[in-house]
$ cat entry18.pdb   # PDB, C-alpha atoms and all ligand atoms
ATOM      1  CA  MET A 938      16.389  13.092  -5.068
ATOM      2  CA  LYS A 939      14.108  10.081  -4.719
ATOM      3  CA  ASN A 940      15.495   6.558  -4.846
ATOM      4  CA  LYS A 941      14.473   4.699  -7.974
ATOM      5  CA  VAL A 942      13.645   1.004  -7.946
ATOM      6  CA  GLY A 943      13.377  -0.798 -11.271
ATOM      7  CA  ILE A 944      10.824  -3.588 -11.664
ATOM      8  CA  PRO A 945      11.418  -5.717 -14.776
ATOM      9  CA  ARG A 946       8.251  -6.405 -16.769
ATOM     10  CA  GLY A 947       8.537 -10.176 -16.812
ATOM     11  CA  MET A 948       7.834 -13.350 -14.793
ATOM     12  CA  PHE A 949       5.911 -12.478 -11.590
ATOM     13  CA  TYR A 950       5.532  -8.852 -12.675
ATOM     14  CA  TYR A 951       2.147  -9.799 -14.097
ATOM     15  CA  ASP A 952       1.006 -11.168 -10.750
ATOM     16  CA  TYR A 953       2.447  -8.797  -8.186
ATOM     17  CA  TYR A 954       3.516  -5.528  -9.779
ATOM     18  CA  LEU A 955       0.629  -3.600  -8.239
ATOM     19  CA  LEU A 956       1.490  -4.847  -4.753
ATOM     20  CA  TRP A 957       5.170  -3.923  -4.907
ATOM     21  CA  LYS A 958       4.578  -0.626  -6.676
ATOM     22  CA  GLU A 959       2.171   0.480  -3.961
ATOM     23  CA  PHE A 960       4.568  -0.694  -1.242
ATOM     24  CA  PHE A 961       7.533   1.237  -2.642
ATOM     25  CA  ASN A 962       5.423   4.323  -3.306
ATOM     26  CA  ASN A 963       4.199   4.232   0.304
ATOM     27  CA  LEU A 964       7.883   4.399   1.303
ATOM     28  CA  ASP A 965       8.354   7.421  -0.954
ATOM     29  CA  VAL A 966      10.392   5.445  -3.465
ATOM     30  CA  GLU A 967       9.912   5.933  -7.195
ATOM     31  CA  VAL A 968       9.131   2.761  -9.127
ATOM     32  CA  VAL A 969      10.388   2.422 -12.695
ATOM     33  CA  PRO A 970       8.909  -0.512 -14.618
ATOM     34  CA  SER A 971      10.586  -1.531 -17.851
ATOM     35  CA  PRO A 972       8.446  -0.956 -20.972
ATOM     36  CA  LYS A 973       6.464  -3.636 -22.734
ATOM     37  CA  THR A 974       8.621  -6.312 -24.315
ATOM     38  CA  ASN A 975       9.935  -5.311 -27.740
ATOM     39  CA  LYS A 976      12.497  -6.609 -30.229
ATOM     40  CA  ASP A 977      15.478  -4.943 -28.488
ATOM     41  CA  ILE A 978      14.493  -6.277 -25.083
ATOM     42  CA  LEU A 979      14.029  -9.792 -26.451
ATOM     43  CA  ASN A 980      17.380  -9.684 -28.297
ATOM     44  CA  LYS A 981      19.193  -8.390 -25.199
ATOM     45  CA  GLY A 982      17.619 -11.165 -23.133
ATOM     46  CA  VAL A 983      18.592 -13.857 -25.612
ATOM     47  CA  HIS A 984      22.205 -12.603 -25.700
ATOM     48  CA  THR A 985      22.688 -12.221 -21.968
ATOM     49  CA  CYS A 986      20.859 -15.304 -20.687
ATOM     50  CA  VAL A 987      22.027 -18.918 -20.853
ATOM     51  CA  ASP A 988      20.764 -20.810 -23.926
ATOM     52  CA  GLU A 989      19.006 -23.512 -21.908
ATOM     53  CA  ALA A 990      16.596 -21.108 -20.201
ATOM     54  CA  CYS A 991      12.948 -20.871 -21.254
ATOM     55  CA  LEU A 992      11.722 -17.853 -23.210
ATOM     56  CA  PRO A 993      10.136 -15.974 -20.240
ATOM     57  CA  VAL A 994      13.443 -16.134 -18.333
ATOM     58  CA  LYS A 995      15.338 -14.793 -21.357
ATOM     59  CA  VAL A 996      12.792 -11.999 -21.767
ATOM     60  CA  PHE A 997      13.188 -11.158 -18.083
ATOM     61  CA  HIS A 998      16.951 -10.755 -18.594
ATOM     62  CA  GLY A 999      16.229  -8.307 -21.415
ATOM     63  CA  HIS A1000      14.044  -6.215 -19.112
ATOM     64  CA  VAL A1001      16.736  -6.151 -16.429
ATOM     65  CA  ASP A1002      19.293  -5.072 -19.006
ATOM     66  CA  TYR A1003      16.989  -2.221 -20.093
ATOM     67  CA  LEU A1004      16.661  -0.960 -16.511
ATOM     68  CA  LYS A1005      20.233  -1.336 -15.309
ATOM     69  CA  ASP A1006      21.434   2.217 -16.124
ATOM     70  CA  LYS A1007      18.218   3.950 -15.174
ATOM     71  CA  VAL A1008      17.658   3.070 -11.508
ATOM     72  CA  ASN A1009      19.466   2.785  -8.156
ATOM     73  CA  TYR A1010      18.131  -0.691  -7.426
ATOM     74  CA  ILE A1011      16.455  -3.531  -9.278
ATOM     75  CA  PHE A1012      13.843  -5.544  -7.427
ATOM     76  CA  ILE A1013      13.940  -9.296  -8.167
ATOM     77  CA  PRO A1014      12.387 -11.350  -5.364
ATOM     78  CA  LYS A1015      13.485 -14.932  -4.983
ATOM     79  CA  PHE A1016      10.138 -16.746  -5.174
ATOM     80  CA  ILE A1017      10.301 -20.154  -3.520
ATOM     81  CA  SER A1018       6.697 -20.556  -2.446
ATOM     82  CA  ILE A1019       3.667 -18.265  -2.537
ATOM     83  CA  TYR A1020       1.150 -20.628  -0.930
ATOM     84  CA  PRO A1021       1.311 -23.084   1.987
ATOM     85  CA  LYS A1022       2.694 -26.504   0.971
ATOM     86  CA  GLU A1023       3.266 -25.389  -2.617
ATOM     87  CA  TYR A1024       6.248 -24.310  -4.688
ATOM     88  CA  CYS A1025       7.131 -22.055  -7.584
ATOM     89  CA  CYS A1026       9.087 -23.266 -10.615
ATOM     90  CA  PRO A1027      12.822 -23.551  -9.771
ATOM     91  CA  LYS A1028      13.546 -20.886 -12.405
ATOM     92  CA  HIS A1029      11.715 -18.310 -10.257
ATOM     93  CA  LEU A1030      13.814 -19.334  -7.316
ATOM     94  CA  GLY A1031      17.097 -18.934  -9.154
ATOM     95  CA  LEU A1032      16.180 -15.772 -11.022
ATOM     96  CA  PRO A1033      18.155 -13.154  -9.029
ATOM     97  CA  ASP A1034      21.304 -15.298  -9.100
ATOM     98  CA  MET A1035      20.946 -16.060 -12.801
ATOM     99  CA  VAL A1036      20.617 -12.364 -13.562
ATOM    100  CA  ARG A1037      23.611 -11.433 -11.384
ATOM    101  CA  HIS A1038      25.841 -13.909 -13.171
ATOM    102  CA  SER A1039      24.643 -13.088 -16.668
ATOM    103  CA  ILE A1040      24.465  -9.284 -16.862
ATOM    104  CA  GLU A1041      27.336  -6.897 -16.226
ATOM    105  CA  GLY A1042      27.097  -3.406 -14.735
ATOM    106  CA  LEU A1043      24.026  -4.003 -12.610
ATOM    107  CA  PRO A1044      22.960  -1.683  -9.790
ATOM    108  CA  GLU A1045      22.268  -3.326  -6.419
ATOM    109  CA  ILE A1046      19.677  -6.093  -6.674
ATOM    110  CA  ILE A1047      17.079  -6.313  -3.914
ATOM    111  CA  ASP A1048      16.235 -10.005  -3.756
ATOM    112  CA  PRO A1049      14.138 -10.865  -0.684
ATOM    113  CA  GLU A1050      13.265 -14.520  -0.284
ATOM    114  CA  ILE A1051       9.527 -15.245  -0.478
ATOM    115  CA  ASN A1052       8.802 -18.632   1.018
ATOM    116  CA  LEU A1053       5.284 -19.168   2.334
ATOM    117  CA  ARG A1054       5.480 -22.955   2.229
ATOM    118  CA  LYS A1055       5.484 -23.365   6.004
ATOM    119  CA  SER A1056       4.341 -19.977   7.309
ATOM    120  CA  ASP A1057       4.047 -16.325   6.373
ATOM    121  CA  LYS A1058       6.839 -15.328   8.789
ATOM    122  CA  THR A1059       9.347 -15.162   5.962
ATOM    123  CA  LEU A1060       7.115 -12.713   4.130
ATOM    124  CA  LYS A1061       7.418 -10.311   7.059
ATOM    125  CA  LYS A1062      11.179 -10.776   6.984
ATOM    126  CA  ALA A1063      11.252 -10.211   3.221
ATOM    127  CA  VAL A1064       9.200  -7.041   3.569
ATOM    128  CA  LEU A1065      11.415  -5.748   6.373
ATOM    129  CA  ASN A1066      14.644  -6.529   4.515
ATOM    130  CA  THR A1067      13.345  -4.744   1.440
ATOM    131  CA  GLY A1068      12.037  -1.696   3.282
ATOM    132  CA  LYS A1069      15.306  -1.284   5.192
ATOM    133  CA  TYR A1070      17.006  -0.112   2.016
ATOM    134  CA  PHE A1071      14.909   3.052   2.344
ATOM    135  CA  THR A1072      14.012   3.629   5.987
ATOM    136  CA  LYS A1073      15.134   2.471   9.431
ATOM    137  CA  SER A1074      11.591   2.481  10.784
ATOM    138  CA  SER A1075      10.116  -1.050  10.924
ATOM    139  CA  LYS A1076       6.758   0.481  11.788
ATOM    140  CA  LYS A1077       6.754   2.558   8.622
ATOM    141  CA  ILE A1078       7.772  -0.438   6.537
ATOM    142  CA  TYR A1079       5.001  -2.688   7.872
ATOM    143  CA  ARG A1080       2.411   0.038   7.522
ATOM    144  CA  ALA A1081       3.494   0.668   3.923
ATOM    145  CA  PHE A1082       3.206  -3.028   3.142
ATOM    146  CA  ASN A1083      -0.105  -3.622   4.934
ATOM    147  CA  GLU A1084      -1.749  -0.748   3.085
ATOM    148  CA  ALA A1085      -0.388  -2.010  -0.228
ATOM    149  CA  TYR A1086      -1.445  -5.591   0.575
ATOM    150  CA  ASN A1087      -5.047  -4.650   1.428
ATOM    151  CA  GLN A1088      -5.400  -2.547  -1.688
ATOM    152  CA  PHE A1089      -3.874  -5.271  -3.848
ATOM    153  CA  PHE A1090      -6.326  -7.962  -2.711
ATOM    154  CA  LYS A1091      -9.271  -5.610  -3.167
ATOM    155  CA  ASP A1092      -8.125  -5.018  -6.762
ATOM    156  CA  VAL A1093      -7.553  -8.715  -7.490
ATOM    157  CA  ASP A1094     -10.976  -9.611  -6.087
ATOM    158  CA  LEU A1095     -12.709  -6.921  -8.122
ATOM    159  CA  MET A1096     -10.892  -8.019 -11.259
ATOM    160  CA  SER A1097     -11.733 -11.698 -10.908
ATOM    161  CA  ARG A1098     -15.385 -10.900 -10.189
ATOM    162  CA  GLY A1099     -15.510  -8.648 -13.224
ATOM    163  CA  VAL A1100     -16.604  -5.683 -11.115
ATOM    164  CA  VAL A1101     -13.852  -3.526 -12.582
ATOM    165  CA  PRO A1102     -12.282  -3.966 -15.983
ATOM    166  CA  ILE A1103      -8.825  -5.403 -15.620
ATOM    167  CA  ASN A1104      -7.198  -2.289 -17.026
ATOM    168  CA  ALA A1105      -8.697  -0.190 -14.221
ATOM    169  CA  VAL A1106      -5.729  -1.139 -12.077
ATOM    170  CA  GLY A1107      -3.191  -0.576 -14.771
ATOM    171  CA  LEU A1108      -1.911  -4.001 -15.665
ATOM    172  CA  TYR A1109      -3.776  -5.746 -18.431
ATOM    173  CA  ASP A1110      -4.776  -2.806 -20.569
ATOM    174  CA  ASP A1111      -5.162  -4.835 -23.737
ATOM    175  CA  LEU A1112      -7.656  -7.170 -22.140
ATOM    176  CA  SER A1113     -10.164  -4.678 -20.811
ATOM    177  CA  PHE A1114     -12.722  -5.669 -23.426
ATOM    178  CA  ASN A1115     -13.037  -9.078 -21.828
ATOM    179  CA  ILE A1116     -14.889  -7.858 -18.831
ATOM    180  CA  LYS A1117     -17.014  -5.174 -20.388
ATOM    181  CA  GLU A1118     -18.553  -6.607 -23.474
ATOM    182  CA  GLY A1119     -20.325  -3.345 -24.277
ATOM    183  CA  ASN A1120     -22.258  -3.553 -27.507
ATOM    184  CA  GLU A1121     -19.845  -5.926 -29.141
ATOM    185  CA  THR A1122     -21.259  -9.282 -30.067
ATOM    186  CA  PHE A1123     -19.027 -12.261 -29.609
ATOM    187  CA  LYS A1124     -19.321 -15.375 -31.690
ATOM    188  CA  ARG A1125     -17.617 -17.608 -29.165
ATOM    189  CA  LYS A1126     -15.637 -17.692 -25.914
ATOM    190  CA  ILE A1127     -12.082 -18.965 -25.765
ATOM    191  CA  LEU A1128     -10.015 -19.715 -22.697
ATOM    192  CA  PHE A1129      -6.525 -18.339 -23.325
ATOM    193  CA  LEU A1130      -4.494 -20.416 -20.892
ATOM    194  CA  GLY A1131      -0.912 -20.520 -19.638
ATOM    195  CA  HIS A1132       1.502 -18.773 -17.279
ATOM    196  CA  SER A1133       0.618 -15.126 -16.720
ATOM    197  CA  TYR A1134       3.910 -13.945 -18.277
ATOM    198  CA  ASN A1135       3.051 -15.767 -21.520
ATOM    199  CA  ILE A1136      -0.585 -14.697 -21.572
ATOM    200  CA  TYR A1137      -0.132 -10.996 -20.812
ATOM    201  CA  ASP A1138       3.077 -10.291 -22.708
ATOM    202  CA  ASP A1139       1.591  -9.577 -26.112
ATOM    203  CA  TYR A1140       4.993  -9.319 -27.795
ATOM    204  CA  ILE A1141       6.080 -12.845 -26.961
ATOM    205  CA  ASN A1142       2.643 -14.333 -27.630
ATOM    206  CA  MET A1143       2.420 -12.358 -30.872
ATOM    207  CA  ASN A1144      -0.702 -10.489 -29.954
ATOM    208  CA  ILE A1145      -2.955 -13.489 -29.866
ATOM    209  CA  VAL A1146      -5.635 -11.605 -27.952
ATOM    210  CA  SER A1147      -6.097  -8.995 -30.661
ATOM    211  CA  LYS A1148      -6.112 -11.726 -33.327
ATOM    212  CA  LEU A1149      -8.936 -13.442 -31.444
ATOM    213  CA  LYS A1150     -10.742 -10.172 -30.923
ATOM    214  CA  LYS A1151     -10.699  -9.471 -34.669
ATOM    215  CA  ARG A1152     -12.572 -12.732 -35.155
ATOM    216  CA  LYS A1153     -15.247 -11.678 -32.646
ATOM    217  CA  THR A1154     -13.993 -14.007 -29.959
ATOM    218  CA  LYS A1155     -14.331 -13.244 -26.280
ATOM    219  CA  VAL A1156     -11.119 -14.098 -24.440
ATOM    220  CA  ILE A1157     -11.194 -15.485 -20.916
ATOM    221  CA  THR A1158      -8.063 -15.912 -18.815
ATOM    222  CA  ALA A1159      -7.403 -17.838 -15.600
ATOM    223  CA  GLU A1160      -7.164 -14.561 -13.659
ATOM    224  CA  MET A1161     -10.849 -13.963 -14.353
ATOM    225  CA  VAL A1162     -11.819 -17.049 -12.373
ATOM    226  CA  ASP A1163     -12.146 -16.515  -8.629
ATOM    227  CA  GLU A1164      -9.615 -18.114  -6.309
ATOM    228  CA  GLU A1165     -12.204 -20.203  -4.475
ATOM    229  CA  SER A1166     -13.361 -21.930  -7.672
ATOM    230  CA  ILE A1167      -9.760 -22.443  -8.779
ATOM    231  CA  ARG A1168      -8.863 -24.141  -5.506
ATOM    232  CA  TYR A1169     -12.047 -26.239  -5.484
ATOM    233  CA  TYR A1170     -11.595 -27.587  -9.011
ATOM    234  CA  ALA A1171      -7.843 -28.133  -8.619
ATOM    235  CA  SER A1172      -8.581 -30.190  -5.494
ATOM    236  CA  LYS A1173     -10.380 -32.726  -7.709
ATOM    237  CA  LEU A1174      -7.036 -33.903  -9.039
ATOM    238  CA  PRO A1175      -6.169 -37.375  -7.685
ATOM    239  CA  LYS A1176      -2.828 -36.009  -6.447
ATOM    240  CA  ARG A1177      -2.303 -32.542  -4.980
ATOM    241  CA  MET A1178      -0.761 -30.096  -7.426
ATOM    242  CA  PHE A1179       2.209 -28.543  -5.643
ATOM    243  CA  TRP A1180       2.949 -25.748  -8.128
ATOM    244  CA  THR A1181       0.849 -22.682  -7.392
ATOM    245  CA  HIS A1182       0.746 -21.546 -11.020
ATOM    246  CA  GLY A1183      -0.324 -25.088 -11.860
ATOM    247  CA  GLN A1184      -3.237 -24.857  -9.403
ATOM    248  CA  ARG A1185      -4.408 -21.712 -11.127
ATOM    249  CA  ILE A1186      -4.069 -23.055 -14.662
ATOM    250  CA  VAL A1187      -5.677 -26.440 -14.028
ATOM    251  CA  GLY A1188      -8.302 -25.190 -11.526
ATOM    252  CA  ALA A1189      -9.471 -22.375 -13.809
ATOM    253  CA  ALA A1190      -9.590 -24.680 -16.832
ATOM    254  CA  TYR A1191     -11.576 -27.358 -14.989
ATOM    255  CA  ALA A1192     -14.015 -24.761 -13.617
ATOM    256  CA  LEU A1193     -14.688 -23.335 -17.084
ATOM    257  CA  ILE A1194     -14.830 -26.727 -18.796
ATOM    258  CA  GLU A1195     -17.239 -28.230 -16.259
ATOM    259  CA  GLY A1196     -19.335 -25.072 -16.285
ATOM    260  CA  ARG A1197     -19.352 -25.241 -20.121
ATOM    261  CA  ALA A1198     -18.351 -21.592 -20.045
ATOM    262  CA  VAL A1199     -15.925 -21.783 -22.992
ATOM    263  CA  ASP A1200     -16.149 -23.057 -26.565
ATOM    264  CA  GLY A1201     -12.464 -23.825 -26.935
ATOM    265  CA  ILE A1202      -9.071 -23.607 -25.218
ATOM    266  CA  ILE A1203      -5.822 -22.190 -26.555
ATOM    267  CA  TYR A1204      -2.880 -23.142 -24.333
ATOM    268  CA  ILE A1205       0.318 -21.196 -24.803
ATOM    269  CA  SER A1206       3.510 -22.768 -23.552
ATOM    270  CA  ALA A1207       7.197 -21.852 -23.580
ATOM    271  CA  PHE A1208       9.348 -24.427 -25.362
ATOM    272  CA  GLY A1209      11.027 -26.739 -22.848
ATOM    273  CA  CYS A1210       8.778 -25.825 -19.891
ATOM    274  CA  GLY A1211       8.581 -28.919 -17.707
ATOM    275  CA  LEU A1212       5.542 -27.696 -15.773
ATOM    276  CA  ASP A1213       3.562 -26.986 -18.906
ATOM    277  CA  SER A1214       4.107 -30.465 -20.277
ATOM    278  CA  VAL A1215       2.206 -31.823 -17.247
ATOM    279  CA  LEU A1216      -0.394 -29.051 -16.952
ATOM    280  CA  MET A1217      -1.185 -29.010 -20.632
ATOM    281  CA  ASP A1218      -1.770 -32.763 -20.635
ATOM    282  CA  LEU A1219      -4.143 -32.575 -17.649
ATOM    283  CA  VAL A1220      -6.174 -29.803 -19.273
ATOM    284  CA  GLU A1221      -6.209 -31.436 -22.695
ATOM    285  CA  ARG A1222      -7.525 -34.759 -21.351
ATOM    286  CA  THR A1223     -10.359 -33.054 -19.470
ATOM    287  CA  ALA A1224     -11.209 -30.866 -22.454
ATOM    288  CA  LYS A1225     -11.282 -33.935 -24.658
ATOM    289  CA  GLY A1226     -13.540 -35.790 -22.214
ATOM    290  CA  ASN A1227     -15.957 -32.860 -22.328
ATOM    291  CA  LYS A1228     -15.738 -32.374 -26.096
ATOM    292  CA  ILE A1229     -14.160 -28.917 -25.802
ATOM    293  CA  PRO A1230     -11.631 -28.276 -28.609
ATOM    294  CA  PHE A1231      -8.098 -27.666 -27.392
ATOM    295  CA  THR A1232      -4.969 -26.475 -29.135
ATOM    296  CA  LEU A1233      -1.404 -25.978 -27.921
ATOM    297  CA  LEU A1234       0.854 -23.178 -29.183
ATOM    298  CA  THR A1235       4.516 -23.463 -28.238
ATOM    299  CA  ILE A1236       6.649 -20.332 -28.296
ATOM    300  CA  ASP A1237      10.361 -19.642 -28.199
ATOM    301  CA  GLU A1238      12.559 -16.869 -29.562
ATOM    302  CA  GLN A1239      12.489 -18.449 -33.034
ATOM    303  CA  THR A1240       8.711 -18.719 -33.312
ATOM    304  CA  GLY A1241       7.399 -17.010 -36.442
ATOM    305  CA  GLU A1242       4.172 -15.037 -36.398
ATOM    306  CA  ALA A1243       2.942 -16.631 -39.643
ATOM    307  CA  GLY A1244       2.875 -20.067 -38.010
ATOM    308  CA  ILE A1245       0.902 -18.765 -35.015
ATOM    309  CA  ASN A1246      -1.562 -16.964 -37.318
ATOM    310  CA  THR A1247      -2.178 -20.116 -39.335
ATOM    311  CA  ARG A1248      -2.793 -22.206 -36.223
ATOM    312  CA  ILE A1249      -5.237 -19.685 -34.745
ATOM    313  CA  GLU A1250      -7.098 -19.206 -38.015
ATOM    314  CA  ALA A1251      -7.395 -22.965 -38.446
ATOM    315  CA  PHE A1252      -8.637 -23.397 -34.869
ATOM    316  CA  LEU A1253     -11.271 -20.684 -35.200
ATOM    317  CA  ASP A1254     -12.351 -21.959 -38.637
ATOM    318  CA  MET A1255     -12.794 -25.399 -37.160
ATOM    319  CA  LEU A1256     -14.965 -23.996 -34.341
ATOM    320  CA  GLU A1257     -17.029 -22.042 -36.840
ATOM    321  CA  TRP A1258     -17.476 -25.056 -39.063
ATOM    322  CA  ARG A1259     -18.490 -27.094 -36.074
ATOM    323  CA  ASP A1260     -21.090 -24.499 -35.046
ATOM    324  CA  ASN A1261     -22.553 -24.305 -38.518
ATOM    325  CA  ASN A1262     -22.454 -27.908 -39.643
ATOM    326  CA  GLU A1263     -22.105 -30.364 -36.838
ATOM    327  CA  ASP A1264     -23.812 -29.299 -33.668
ATOM    328  CA  ASN A1265     -21.559 -30.413 -30.812
ATOM    329  CA  PHE A1266     -19.762 -32.916 -32.996
ATOM    330  CA  SER A1267     -16.551 -33.951 -31.280
ATOM    331  CA  THR A1268     -13.484 -32.495 -32.967
ATOM    332  CA  TYR A1269     -11.602 -35.541 -31.769
ATOM    333  CA  GLY A1270     -13.714 -37.861 -33.962
TER     334      GLY A1270
HETATM  335  S1  LIG B   1       7.187 -22.540 -15.320
HETATM  336 FE1  LIG B   1       8.009 -23.009 -17.350
HETATM  337  S2  LIG B   1       7.908 -21.064 -18.454
HETATM  338 FE2  LIG B   1       7.740 -20.594 -16.259
HETATM  339  S3  LIG B   1       9.826 -20.162 -15.577
HETATM  340 FE3  LIG B   1       9.427 -22.329 -15.187
HETATM  341  S4  LIG B   1      10.208 -23.375 -17.026
HETATM  342 FE4  LIG B   1       9.970 -21.200 -17.554
END
$ encode --input "entry18.pdb" --output "structure tokens"
Amino acid sequence: MKNKVGIPRGMFYYDYYLLWKEFFNNLDVEVVPSPKTNKDILNKGVHTCVDEACLPVKVFHGHVDYLKDKVNYIFIPKFISIYPKEYCCPKHLGLPDMVRHSIEGLPEIIDPEINLRKSDKTLKKAVLNTGKYFTKSSKKIYRAFNEAYNQFFKDVDLMSRGVVPINAVGLYDDLSFNIKEGNETFKRKILFLGHSYNIYDDYINMNIVSKLKKRKTKVITAEMVDEESIRYYASKLPKRMFWTHGQRIVGAAYALIEGRAVDGIIYISAFGCGLDSVLMDLVERTAKGNKIPFTLLTIDEQTGEAGINTRIEAFLDMLEWRDNNEDNFSTYG
């Protein structure tokens, strides 16, 4: 019988699932992702995780709890750094330990340390340590990873250049309409901004994308902006941004604002997220300076859908009113 590795659908799942899935499959290991977030998963996460954690971390705990009886291993890398001289949020770093101490009856957790801050040597070590659970052959492990790595970057490049719809590689199925406009006519373009696990988890963000779609709004996300532009625009900050997710959020926003490629920005943030309080402010100031309307939606486990609906409706109504009555009139007065 094949070994089964569970990958919880939360946190860096939305960035790297395809890479790890391909890697494990190349080693003849079955990958079991948890399903999309639902009420049970959220409730389990809230009950098992410490109160002080942000919503995405709680949701992640719920996904681990779902998987724990269904697999031989659960894969939770310890992400310290994914880019030279940059860091991840400390919550990513502590994730495997938090989970271990919060949830009972877990199978073995595979938690390689990913730390590319100084060099990519630790990535090789992480890959080897992970692969050794399933084979003794280092050669086989590296080959499995290299093949997965090359395929992954081809997919990411194609997605960000809009050559393939995002759902073609199985991750962002609800957002496929963004790339291929087809015959649909869009009234406006909105940048839906935030951490990938808030943007692509449509349960915790209360299906904002489909709400926007119903109002004939084209949704753009940071992942649709190419890495080179993101890095270039983020480098314009007076001080280097040392969070990699921050580089992506700010760089993509600046690129789209300066290119006047969006009519408005909706930023979604988890309550209590320290990074977002800085990132959101940087984006809001630049949007304001360029007369691009900006709104912030904060989510936690108590957030009600009615409140989110009202805010989105009001934001879109304001944009519509602005288009019809006050050509390019600043919404900031
Ligand atoms: S960046 Fe913010 S939302 Fe993400 S894990 Fe850290 S505190 Fe939570």
$ closest_residue --input "entry18.pdb" --among "A:Phe1179, A:Tyr1140, A:Tyr1134, A:Tyr1191" --to "ligand LIG 1 (chain B)" --atoms "only C-alpha atoms and all ligand atoms"
A:Tyr1134
$ closest_residue --input "entry18.pdb" --among "A:Phe997, A:Tyr1070, A:Phe1012, A:Tyr1086" --to "Phe960 in chain A" --atoms "all atoms listed in the file"
A:Tyr1086
$ closest_residue --input "entry18.pdb" --among "A:Glu1257, A:Asp1057, A:Asp1213, A:Asp988" --to "ligand LIG 1 (chain B)" --atoms "all atoms listed in the file"
A:Asp1213
$ residues_around --input "entry18.pdb" --residues "range 1199-1206 of chain A" --least-positions-apart "4" --cutoff "8 Å" --atoms "all atoms listed in the file" --output "list in words"
Arg1125, Lys1126, Ile1127, Leu1128, Phe1129, Leu1130, Gly1131, His1132, Asn1135, Ile1136, Asn1142, Leu1193, Ile1194, Cys1210, Asp1213, Met1217, Ile1229, Pro1230, Phe1231, Thr1232, Leu1233, Leu1234, Thr1235, Ile1236 and Leu1256 of chain A
$ residues_near_ligand --input "entry18.pdb" --ligand "ligand LIG 1 (chain B)" --cutoff "7 Å" --atoms "only C-alpha atoms and all ligand atoms" --output "short mmCIF file (atom, residue, chain, number, x, y, z; two decimals) with C-alpha atoms, keeping the file's coordinate frame"
data_model
loop_
_atom_site.label_atom_id
_atom_site.label_comp_id
_atom_site.auth_asym_id
_atom_site.auth_seq_id
_atom_site.Cartn_x
_atom_site.Cartn_y
_atom_site.Cartn_z
CA CYS A 991 12.95 -20.87 -21.25
CA LEU A 992 11.72 -17.85 -23.21
CA PRO A 993 10.14 -15.97 -20.24
CA VAL A 994 13.44 -16.13 -18.33
CA CYS A 1026 9.09 -23.27 -10.62
CA PRO A 1027 12.82 -23.55 -9.77
CA LYS A 1028 13.55 -20.89 -12.40
CA HIS A 1029 11.72 -18.31 -10.26
CA HIS A 1132 1.50 -18.77 -17.28
CA SER A 1206 3.51 -22.77 -23.55
CA ALA A 1207 7.20 -21.85 -23.58
CA GLY A 1209 11.03 -26.74 -22.85
CA CYS A 1210 8.78 -25.82 -19.89
CA GLY A 1211 8.58 -28.92 -17.71
CA LEU A 1212 5.54 -27.70 -15.77
CA ASP A 1213 3.56 -26.99 -18.91
#
$ resolve_selection --input "entry18.pdb" --expression "the PyMOL selection byres (((chain A and resi 1144) around 12) and not hetatm)" --output "list of chain:residue names"
A:Thr974, A:Asp1111, A:Leu1112, A:Phe1129, A:Asn1135, A:Ile1136, A:Tyr1137, A:Asp1138, A:Asp1139, A:Tyr1140, A:Ile1141, A:Asn1142, A:Met1143, A:Ile1145, A:Val1146, A:Ser1147, A:Lys1148, A:Leu1149, A:Lys1150, A:Lys1151, A:Ile1205, A:Glu1242, A:Ile1245, A:Asn1246, A:Ile1249
$ resolve_selection --input "entry18.pdb" --expression "the PyMOL selection byres (((chain A and resi 1053) around 7) and not hetatm)" --output "list in words"
Ser1018, Ile1019, Tyr1020, Pro1021, Ile1051, Asn1052, Arg1054, Lys1055, Ser1056, Asp1057, Thr1059 and Leu1060 of chain A
$ atom_distance --input "entry18.pdb" --atom1 "CA of Asp965 in chain A" --atom2 "CA of Thr1072 in chain A"
9.7 Å
$ closest_residue --input "entry18.pdb" --among "A:Ala1224, A:Asp952, A:Ala1198, A:Ala990" --to "Glu1160 in chain A" --atoms "only C-alpha atoms"
A:Asp952
$ atom_distance --input "entry18.pdb" --atom1 "CA of Lys1225 in chain A" --atom2 "CA of Glu1195 in chain A"
11.8 Å
$ residues_around --input "entry18.pdb" --residues "range 1041-1043 of chain A" --least-positions-apart "4" --cutoff "8 Å" --atoms "only C-alpha atoms" --output "ChimeraX atom specification"
/A:1005-1006,1037
$ write_last_selection --input "entry18.pdb" --atoms "C-alpha atoms" --output "compact mmCIF listing (two decimals), keeping the file's coordinate frame"
# COMPACT_ATOMS: atom_id res chain seq x y z
CA LYS A 1005 20.23 -1.34 -15.31
CA ASP A 1006 21.43 2.22 -16.12
CA ARG A 1037 23.61 -11.43 -11.38
$ resolve_selection --input "entry18.pdb" --expression "the PyMOL selection byres (((chain A and resi 963) around 10) and not hetatm)" --output "ChimeraX atom specification"
/A:957-962,964-967,1077-1078,1080-1082,1084-1085
$ closest_residue --input "entry18.pdb" --among "A:Ile1157, A:Ile1186, A:Ile1047, A:Ile978" --to "Gly943 in chain A" --atoms "only C-alpha atoms"
A:Ile1047
$ closest_residue --input "entry18.pdb" --among "A:Pro1033, A:Gly1183, A:Pro1175, A:Gly1068" --to "His998 in chain A" --atoms "all atoms listed in the file"
A:Pro1033
$ atom_distance --input "entry18.pdb" --atom1 "CA of Asp977 in chain A" --atom2 "CA of Lys941 in chain A"
22.7 Å
$ axis_aligned_box --input "entry18.pdb" --around "range 1152-1158 of chain A" --padding-each-side "3 Å" --output "AutoDock Vina command-line options"
--center_x -11.7 --center_y -13.8 --center_z -27.0 --size_x 13.2 --size_y 10.2 --size_z 22.3
